[in-house]
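Taking it in order: structure first as C-alpha cells, then the write-up.
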Amino acid sequence: MFGDLFQEENGGGTNVDISHKTGSEKPKLGLPAPPRPRLECGLCGIDNQGATCYLNSLLQTLLLTPEFRESLFQLGPEELGQLQDKEDQNSKVRVIPIQLQRLFAKLLLSNQQSASTSELTDSFGWNNREQFQQHDVQELNRILFSAIEDSLVGTTGQDLISHLYHGTVVNQIICQECGRISEREEDFLDLTIALVDNGSLENGLLSSYVEMETMDGNNQYRCEGCAKLVNAKKGAKIRSLPQILTFSLLRFSFDFQKMERYKETGRFSFPMELDMGLFCESVSSMEDTSYELFSVVIHRGSTYGGHYHAYIRDVDNLGKWTHPDEDNFQLHSVPSDSKVQGLNLSFGLLQLAEDIAEGAPVEALYGMRAAHSDSDIRYAGVNEEKSNIKNDRPKGGASDSGSTTNVHQETQRKKKGKKKQERPVEPVVPGYCWFDFNDARVCSITSKQIERQFGGKESAYMLFYRKKSMHRPQEALGDPMYKVPVDLVQEVLLCNEELVKQREEYESVVNKITIKVLFGQNHQYIGGAVRPIVDTCDHMQLTLDRRKTMGELRVAILEQCCDLVPSVSCLHIAKQVPSGLHLYDQVLDDDSVIIQSTNICDGTLLFVWDGKQLQGTQIQIGHHCEPLLLTVSYGNPSQLSQGFAKNLTLGELSLLLSEQTGIGANRLRLGRISVKDGDSKVIPFKVADESSTLEELKLHDGDELIAQDSHISEFGHVLLSTNENKLWTFEVENRCKDCGSEAVATLVEVDKAVSVEELKAVIISKLYIEEIQDGGRIRVQDNNWGLQTPLHEQQSVESAGLKPGMKLVLEPGAAPLHNEITLSFSCVPSSDVPDKEICVSKTSTVQQCLGLMIEVAAFDNDDWHLRKTNWCREEGDVLDDLDATLEQCQLRDGDHLLLEAGKLPPKGFLKLPVFLAKCSRPDTTKMSSQFSRGEQGTLGVSIPRTTDNSRRVHVDSIIIAKTFTLADLKLQIMTLPSMTDIAIPTLDFLRIRLIENGRLTSVLRGHSQTLQRLKLTNSSQLCLQILQQEEDLRKNQVLLHIQQRVPETRTYTHYRELIWDISKGATPEMLRQVIADLVLLPVETIAIAKYLCDKYEWMPIDSSSFVRKGKKHQKNQKKSPPKINLRNSPYQIKDGDVIGVKDLTFDPLNTDDFSTPADDEGKALLILAAEEKRRRRKENQNRTNASDNSSPSSKRQEVGLTIKVGNFR
C-alpha cells in the first residue's frame, strides 16, 4: 500500500565523507584504506549498506539500552551455540543473538569510526536487494523483537523482550444501563499515538487511553446482560507498564479524498520526563510510573523518501561530550600528501566563521601539524588501541584533540586577549549527555536540539522512555567493557591490533614515493630550456619514504650517484614544459626538514646542480621566467622553434632573434600569425609593445611569429600558406602516472593523414615514456561532453574526427579493436557503484554483454537486465532480446546503458506490470443516453490530461508468452489474487489499455490477436478498466476523451468517453458533428482542439486552417475542398486523445486559445526541465572527467520486511 514511502532520500545517509583520492594523488598499489579511527566523541557509528538507516537508528537505541545489552551478553555459547556449527543440521545455533552480541561488542570496543551490519543482516536472511529497500522503523521494531523472542526460546533469556518492553492494554465496553464491563486484554510492545488533533504526547495519551467513546444512536452496543441494544462507553486503558516504554507516532497518513499519502508535519511536543500514572487504569502507591526520555528516532523527508537518524542519551556515559559549538573541526589527512580524508562537521559554523575572520591560522583550520613537531604521519588515534580502552574514555569532559588541531583553542591563543561575550554552557551531567547517531557519524548535541524535532519535515517518529528507578551501578559508568563476555573482548582487541598493523602498513605504502633525480652534469641549456646531453644518463629513479628528512634524501642521492653530485650542490624542483625542462623553487637546505613538508611528492623531478650554471651557461629559474615554446618564421622557408622566457620584453626578444636570423636589429619587425577559418594573416606588433613582456602580450606555447626584414618587404605583402597544408597541433595530457612521467599538457604536431596509432607513438616519444600498461590509448577531452571513448587506432587522425587544437588524453589501457565499441554503464539501484566501462565486439550478443558487465561490476548473481538510455541518460527501451547482437540493437560506440536489478522472463515471454484504474459508482440514470450517442462510460473518474499515477493502483505483474492471445491475457489477469473480489461477468466487461508516459493511450483490441501482433514488449505497462457494459472495439473505432470548456473561464468539465466510428471518414466536420451531438450544442457554435500533452498546447481542428501541399491547380480546374483525414499528420487522432470543446456563443471572435492555468504551469515546468537537463548533462560531464559517476537512485517497489528465524521450539 505504501509503495516506496520509506525509500532513502538522496541515496541514504548524510555522513560527510571526503574521498581519500583527492587532487592528483594516485592510488597506491590498489591498497584499500583501513577503517578510520573513532571520532572525538568516542562513540562508534554504523555503516549504511544502501538504505539501512532505519536499522542503524534502532540498533544504536538497543545498544545504549544497558538492560537490553547486558541481558543479551549474559547468554553464553552453551545456550546460543557456536557460529562454526551453524551449517550442522543437528546443532541449533541461534545466529541472530550471536551476531547482535558481536555487533554490540564492536560498537563498544573497536577503534573504528563505524561498524558494518552485513553479518547481522545476513543472519536475517536478507539478500542484496533488502539493503537497498528502506522500511518503516516502527515495523522493524516489532519484527526484530519477534525474531529475537523466537531465537531465544528455551534459553534463560527467553523473557528478555517481554521483561523490558511488554505492557498490557485492555479494551473495554461499559454498558450505561447495567454497568456490565466487557473487556479484552492485549500485550503491547509500543503504544501508537495519533498526531491529528493532538498537540502533545500528553494530549495523545489522554485521547487514546483515558477518554472513552460513546456508542449511541445507530452505533449502540448489544449488551448480553440487558439482551438489547444500549448506550455504552468504549475505550482502551493501560493496565501495566513496561520497563522501557516505546511510543510510535503516526506521522504517515492516507488522504482518501485526494488518494495520496501525506506526512503530518505539525508540532507535536513530548516531555523529557513523563508521569504515566495519569494515563493508567489504576496505579498502586508502590509502583513507579515516572519515565525519562532516552532516545528519539527521527525521520527527515516526505512520504516519497527520507532518512532516519536518532538522538540518544548516553545513559552509561560511554562517550566524550563537548558542546556542539566547541567540537573540533577535524580533518583526517591522507598521509601521502596531507590531503583531506574525512571531515567532521559537528562544529559551530558561526564560531568557525568568526575564528576565520579574526585571523585563525590556516594550519589550525586544516588540522595540519608543523613539520618539525612530528616526523611520523599517522591517522588520528592510530595508537589509541595500545592503551586501556576504559581509561581512554574520560567521563563527560572535553576530549584531547589527538593529532588534529582544535580551531577554537588555536584561535583563542592568537586573539591576544580579545574579550568576547561568553554564551551559556549547558551543564554536563554524567548519564544525561545526548548524541546524534547518523549512520557512520556520531556527534554531540544539546537537549535543546530535541525540541526542534517536534514538527516539520525532520521530526520525531519514535520515542523511547525508561523508568527513572532503573539506576545504573557506579562501576558501569564510563566502562564500555562492563559485562561484555571475555571472549568477545579478546576478539575485538585482536581486531584492534590488526587495525594498528593495517594502518601502519597503509601509512608505509602511501608515504612511499618515487622521484626522478636529474643531474646538471648531464644536462645543458639550449633552445631556451634545459635538455639532456645525448648519450648520457639523464636521470635516476629513487624510491623513499617521505617521512624521512632532507638530509637522508641527500645521503641517498650521494650513495647512488656520488660522481654526478657536485661538491656544493643545490636541489631544485624541475618540470617538463613544451620547450623542455625548467627549474623552479629550490628545496630547503635545512637537513632536518621532513620531505613531506616540502613540495616533493610522487613523480617529482629533482634537479641536482651547483646552483649557478650548466655547462658554463647562466640560467634563470622560477615561475616568472618559465619558457614559452614559440615558432618563428623568417625567410622562406627558414624557421626556428625554441623556448623564450615569458618575462622577456618584446624588445629583448627582437635582439635575440636578430642574432639568430641575421636580420639587423633596427630592420627586424615582428608579427603574430593569426589563423581564423582556415585563413592566416599577420598581425604586426606595435612600437608601444616593445616594453611589454611576452606574458603581457598573451603569447602562449605553440604560438607562431614571423620575423621580417623591413627593407625587403612589408607584412601586408607576406603570402602565408593556409591551414590546409600545415601540421595539426594537439594539446596532450599525460595520465599514465604509473609510468613515472609528469602529468603536464604537451603540444604535439602531426600530419592529419597519420593513423591514431602513429599519433600515440609520437606522443609517447615526446613525453619520454618507456612503457605503458596495455600499450596505452588516446581519448578526446571535449569541453562540452567531457572525456570521450578511446579512439580506434586503425583510423587516420582526420577520419577519427579529430580537429586541430583539440585536447587529447593519454592513459593506460588497451585501445579498442576495429570491430569493438566502448560502452559505459551504471547500476540501478546500486547507486554506490560508480559508472563502469567495457570494450566489447559489435557482434557480441546482449547476453554476452550483460555477463561481462555483471562480472565487471563484481555482482555475485545474474539477476540483472540491460536498458538503453538517450543522450542525457534518461531511461529508454529494455534490451529484452538476449540473442540479438549489439549491432542489431543499434548500439554505438560511447552509448550508456543501465544495468538494472531484476531478471528478464525467459525468451518468448513477457513480464507485464498491471494497474487498475480507481473506480467510483456508475451513474445508471445517464447510462442509456450515453450509449445512444455512442458514448461509453467506465467506472473511473475523470482522467487528467497530464501524468497522474495516483489514479491507478498497482495490482501485480504477470509473466505470459508472446504467442498467447488477448483473451488469454484477460483470463490470466482475472485469476490474479487481487482481482478475485472483483465481479467481471465476461471478458468484454474488461478493457485493457497501455500506459505510455504516465497516460492511458491505446486500447488492446481483438481477443484472437496474439500479444506479439499487438506489439507488447517488456517495457509495456497495462491498465485495467472495468466497464458498465460489454465492449468489443473494432479497428475503425477510436476512444476519445471529450472535455467541455466552462464558459468565460479557463477550466474544463470532467471528461466523457466518446467511441468515434471512423469507417465513413475521419474529417474535422464529422468529428465536430459527433461531439456536438454529445454535448447537445449546434455544430456551428462549437470549436474543437486536440490537446498536445507533451507540449501543454492545444491544436485547433478546423478545415480552414489546413493548407494542402502539392501541385498547384491548373487553370479552369474546379477547386474542391481539401479532404482531411484526422488519423494522419498533423492531427494523428488516436486512442486516449483529449479533445477540448468550447461554445463560440461565449467567444464569438474565437480568441480563447483553449489553454488552462495548468498549461501555463506545465510550460514553465518544461522550461525548468530543459534547464535541468542542461545542468544534469554538465554534471555528467564533470563526473566523467573526475571518474566519479553515481547514478540517481530510482524509485523501488516496497518489499515486505521479513527476518528469517530457525525453529528453536
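Please note that chains go A, B, ... in the order of the C-alpha cells, that every chain numbers its residues from 1, and that ligands are numbered from 1 in the order shown.
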
Open item on the list: I want to know what sits within 12 Å of stretch 80-85 of chain A, based on only C-alpha atoms, with residues of the same chain fewer than 3 positions away left out; could you give that as a ChimeraX atom specification?
Closed with: /A:72-77,88-102,119,123,148,151-158,1208

Open item on the list: I'd like to know which of A:Ile533, A:Ile173, A:Leu899, A:Ala1089 is closest to A:Ala857, using only C-alpha atoms.
Closed with: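 That would be A:Leu899, the residue with the smallest distance to A:Ala857.
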
- [ ] Would you mind listing what lies within 6 Å of A:Leu705 as an NGL selection string, with only C-alpha atoms counted and same-chain residues fewer than 6 positions away left out?
- [x] :A and (632 or 671-673)

Now that the selection is made, can you save its residues with N, CA and C atoms as a PDB file, in the first residue's frame?
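Contents of again21.pdb, freshly written:
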```pdb
ATOM      1  N   VAL A 632      59.234  30.702 -34.857  1.00  0.00           N
ATOM      2  CA  VAL A 632      59.496  31.971 -35.563  1.00  0.00           C
ATOM      3  C   VAL A 632      59.889  31.645 -36.996  1.00  0.00           C
ATOM      4  N   GLY A 671      55.778  40.048 -36.056  1.00  0.00           N
ATOM      5  CA  GLY A 671      54.318  39.976 -36.118  1.00  0.00           C
ATOM      6  C   GLY A 671      53.838  38.612 -35.642  1.00  0.00           C
ATOM      7  N   ARG A 672      52.584  38.564 -35.232  1.00  0.00           N
ATOM      8  CA  ARG A 672      51.969  37.313 -34.760  1.00  0.00           C
ATOM      9  C   ARG A 672      51.101  36.746 -35.880  1.00  0.00           C
ATOM     10  N   ILE A 673      51.212  35.435 -36.125  1.00  0.00           N
ATOM     11  CA  ILE A 673      50.397  34.778 -37.144  1.00  0.00           C
ATOM     12  C   ILE A 673      49.088  34.348 -36.507  1.00  0.00           C
TER      13      ILE A 673
END
```

Open item on the list: Would you compute the distance between atom CA of A:Leu201 and atom CA of A:Ile298? Give it in Å to one decimal.
Closed with: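 One can read the atom CA of A:Leu201 to atom CA of A:Ile298 distance as 15.6 Å.
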